[in-house]
Every structure is written in C-alpha cells, then in structure tokens.
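Novice: Encoded as structure tokens, here's the structure I'll be asking about.
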Amino acid sequence: MDRKGVFSDRCPSCGLLFQRESGFMLGAMPVSYLLTFFCWVLPCGILWFYDCFSETLLWCLLIPGILIFPLAVIRFSRLLWMATYFAFLPHLLDEKE
Ligand SMILES: [Zn+2]
C-alpha cells in the first residue's frame, strides 16, 4: 500500500505479484474477521464477563471497534493471507505472472 492508501499490484522490492487473480485478496477478509474477534471482541467480552467494565462501556467499545479494527489490520490480514497461501503452495512463489 502506498501513501495514498492504494494497494500495489507487485512488491516494489522483489516484483512478487500480489493480485494473482481476480478476488485473490478476498481471503484476507476472514483473516481480518478472525483478528478482530480474537484481538478485540473476545478480550472485551472477557473483561466484561469478569466485571472489569459495564455493559454500556462494552457496547461503546465493541461497536466502534468492530468497524475500525478490521480497517486497521487490513494490511496485516493481507500479509497473513499471502503467507498462508504461499505456505501451502510455495512453488507459486517463483511465478512472476
Ligand atoms: Zn517482495
């Protein structure tokens, strides 16, 4: 992603093609959902369950969190998605097209 927020098609360093096919990066969405759940929703739920804060504060944290957190971790989600993809299909790393 450059400074304008646009994702690059290729790695500027090694030329690896990021957008391998139409919809390739859709795999990053469930990764983003899982990150949001385990890093935001679950900790908030656990803290609420143990009475660390009120139900009102729980909702005040959850609603903005589930909207903002996935956007904050989208780059990391794409990275994890590509790492998972190439962990199972490492021979595709050599392909430049
Ligand atoms: Zn690279």
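Just so we're on the same page: first chain in the structure tokens is A, next is B, and so on; residues restart at 1 for each chain, and ligands are numbered from 1 in the order they show up.
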Tell me, counting only C-alpha atoms and all ligand atoms, for each residue of chain A within 9 Å of ligand 1, which pair of atoms is nearest and how far apart they are in Å to one decimal, in rows ordered by chain and increasing number, as JSON lines.

Specialist:
{"residue": "A:Arg10", "atom": "CA", "partner": "ligand 1", "partner_atom_place_in_ligand_line": "1 (Zn)", "distance": 7.8}
{"residue": "A:Cys11", "atom": "CA", "partner": "ligand 1", "partner_atom_place_in_ligand_line": "1 (Zn)", "distance": 4.5}
{"residue": "A:Pro12", "atom": "CA", "partner": "ligand 1", "partner_atom_place_in_ligand_line": "1 (Zn)", "distance": 6.4}
{"residue": "A:Ser13", "atom": "CA", "partner": "ligand 1", "partner_atom_place_in_ligand_line": "1 (Zn)", "distance": 4.7}
{"residue": "A:Cys14", "atom": "CA", "partner": "ligand 1", "partner_atom_place_in_ligand_line": "1 (Zn)", "distance": 4.0}
{"residue": "A:Gly15", "atom": "CA", "partner": "ligand 1", "partner_atom_place_in_ligand_line": "1 (Zn)", "distance": 5.9}
{"residue": "A:Leu16", "atom": "CA", "partner": "ligand 1", "partner_atom_place_in_ligand_line": "1 (Zn)", "distance": 5.6}
{"residue": "A:Leu17", "atom": "CA", "partner": "ligand 1", "partner_atom_place_in_ligand_line": "1 (Zn)", "distance": 8.7}

Novice: Write out as JSON lines a residue-level contact list of region 54-92 of chain A versus region 21-44 of chain A with cut-off 8 Å: for each qualifying residue the closest pair of atoms and the distance in Å to one decimal, counting only C-alpha atoms, rows sorted by chain and residue number upward.

Specialist:
{"residue": "A:Leu58", "atom": "CA", "partner": "A:Cys44", "partner_atom": "CA", "distance": 6.6}
{"residue": "A:Leu61", "atom": "CA", "partner": "A:Cys44", "partner_atom": "CA", "distance": 7.6}
{"residue": "A:Leu62", "atom": "CA", "partner": "A:Val41", "partner_atom": "CA", "distance": 6.5}
{"residue": "A:Gly65", "atom": "CA", "partner": "A:Trp40", "partner_atom": "CA", "distance": 7.0}
{"residue": "A:Ile66", "atom": "CA", "partner": "A:Thr36", "partner_atom": "CA", "distance": 6.7}
{"residue": "A:Phe69", "atom": "CA", "partner": "A:Thr36", "partner_atom": "CA", "distance": 6.1}
{"residue": "A:Pro70", "atom": "CA", "partner": "A:Ser32", "partner_atom": "CA", "distance": 5.6}
{"residue": "A:Val73", "atom": "CA", "partner": "A:Ser32", "partner_atom": "CA", "distance": 6.7}
{"residue": "A:Ile74", "atom": "CA", "partner": "A:Ser32", "partner_atom": "CA", "distance": 6.4}
{"residue": "A:Ser77", "atom": "CA", "partner": "A:Ala28", "partner_atom": "CA", "distance": 5.2}
{"residue": "A:Arg78", "atom": "CA", "partner": "A:Ala28", "partner_atom": "CA", "distance": 4.9}
{"residue": "A:Leu80", "atom": "CA", "partner": "A:Val31", "partner_atom": "CA", "distance": 7.3}
{"residue": "A:Trp81", "atom": "CA", "partner": "A:Ala28", "partner_atom": "CA", "distance": 5.2}

Novice: Quote the spacing between CA of Trp48 (chain A) and CA of Ile63 (chain A) in Å to one decimal place.

Specialist: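 Separation between CA of Trp48 (chain A) and CA of Ile63 (chain A): 14.3 Å.
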
Novice: In Å to one decimal, how far is CA of Phe18 (chain A) from CA of Met82 (chain A)?

Specialist: 8.1 Å

Novice: One decimal, Å: what's the distance from CA of Ala72 (chain A) over to CA of Asp9 (chain A), could you say?

Specialist: 20.1 Å

Novice: DSSP on the backbone, alpha helix (DSSP H) only: what residues of chain A does that give? Format it as a PyMOL selection string.

Specialist: chain A and resi 28-36+42-49+55-72+74-88

Novice: Only C-alpha atoms, please: the residues just picked out, written as a PDB file, in the first residue's frame.

Specialist:
ATOM      1  CA  ALA A  28      -7.777 -11.594   3.700  1.00  0.00           C
ATOM      2  CA  MET A  29     -11.344 -10.816   4.800  1.00  0.00           C
ATOM      3  CA  PRO A  30     -11.868 -13.894   7.001  1.00  0.00           C
ATOM      4  CA  VAL A  31      -8.374 -13.346   8.373  1.00  0.00           C
ATOM      5  CA  SER A  32      -9.409  -9.816   9.264  1.00  0.00           C
ATOM      6  CA  TYR A  33     -12.607 -11.104  10.901  1.00  0.00           C
ATOM      7  CA  LEU A  34     -10.644 -13.630  12.948  1.00  0.00           C
ATOM      8  CA  LEU A  35      -8.141 -10.976  14.043  1.00  0.00           C
ATOM      9  CA  THR A  36     -10.996  -8.669  15.032  1.00  0.00           C
ATOM     10  CA  LEU A  42     -13.047 -11.662  22.763  1.00  0.00           C
ATOM     11  CA  PRO A  43     -10.866  -9.533  25.093  1.00  0.00           C
ATOM     12  CA  CYS A  44     -13.722  -7.045  25.510  1.00  0.00           C
ATOM     13  CA  GLY A  45     -16.130  -9.891  26.256  1.00  0.00           C
ATOM     14  CA  ILE A  46     -13.759 -11.450  28.774  1.00  0.00           C
ATOM     15  CA  LEU A  47     -13.206  -8.124  30.552  1.00  0.00           C
ATOM     16  CA  TRP A  48     -16.967  -7.523  30.647  1.00  0.00           C
ATOM     17  CA  PHE A  49     -17.571 -11.088  31.902  1.00  0.00           C
ATOM     18  CA  GLU A  55     -22.305  -3.454  29.645  1.00  0.00           C
ATOM     19  CA  THR A  56     -22.720   0.107  28.366  1.00  0.00           C
ATOM     20  CA  LEU A  57     -18.962   0.513  28.093  1.00  0.00           C
ATOM     21  CA  LEU A  58     -18.768  -2.915  26.448  1.00  0.00           C
ATOM     22  CA  TRP A  59     -21.075  -1.787  23.646  1.00  0.00           C
ATOM     23  CA  CYS A  60     -19.296   1.561  23.409  1.00  0.00           C
ATOM     24  CA  LEU A  61     -16.066  -0.359  22.816  1.00  0.00           C
ATOM     25  CA  LEU A  62     -17.478  -3.123  20.610  1.00  0.00           C
ATOM     26  CA  ILE A  63     -19.446  -1.095  18.076  1.00  0.00           C
ATOM     27  CA  PRO A  64     -16.640   1.303  17.052  1.00  0.00           C
ATOM     28  CA  GLY A  65     -14.094  -1.487  17.475  1.00  0.00           C
ATOM     29  CA  ILE A  66     -15.720  -3.899  15.054  1.00  0.00           C
ATOM     30  CA  LEU A  67     -15.951  -1.100  12.499  1.00  0.00           C
ATOM     31  CA  ILE A  68     -12.445   0.328  12.912  1.00  0.00           C
ATOM     32  CA  PHE A  69     -10.335  -2.688  13.885  1.00  0.00           C
ATOM     33  CA  PRO A  70     -10.711  -4.559  10.555  1.00  0.00           C
ATOM     34  CA  LEU A  71      -9.636  -1.427   8.681  1.00  0.00           C
ATOM     35  CA  ALA A  72      -6.646  -1.009  10.978  1.00  0.00           C
ATOM     36  CA  ILE A  74      -6.233  -4.937   6.675  1.00  0.00           C
ATOM     37  CA  ARG A  75      -2.575  -4.775   5.634  1.00  0.00           C
ATOM     38  CA  PHE A  76      -1.589  -7.327   8.251  1.00  0.00           C
ATOM     39  CA  SER A  77      -4.559  -9.502   7.200  1.00  0.00           C
ATOM     40  CA  ARG A  78      -3.365  -9.450   3.600  1.00  0.00           C
ATOM     41  CA  LEU A  79       0.112 -10.347   4.757  1.00  0.00           C
ATOM     42  CA  LEU A  80      -1.197 -13.293   6.800  1.00  0.00           C
ATOM     43  CA  TRP A  81      -3.387 -14.426   3.918  1.00  0.00           C
ATOM     44  CA  MET A  82      -0.486 -14.393   1.475  1.00  0.00           C
ATOM     45  CA  ALA A  83       1.796 -16.116   3.997  1.00  0.00           C
ATOM     46  CA  THR A  84      -0.803 -18.860   4.478  1.00  0.00           C
ATOM     47  CA  TYR A  85      -1.347 -19.174   0.726  1.00  0.00           C
ATOM     48  CA  PHE A  86       2.344 -19.499  -0.063  1.00  0.00           C
ATOM     49  CA  ALA A  87       2.954 -21.779   2.911  1.00  0.00           C
ATOM     50  CA  PHE A  88       0.683 -24.326   1.233  1.00  0.00           C
TER      51      PHE A  88
END
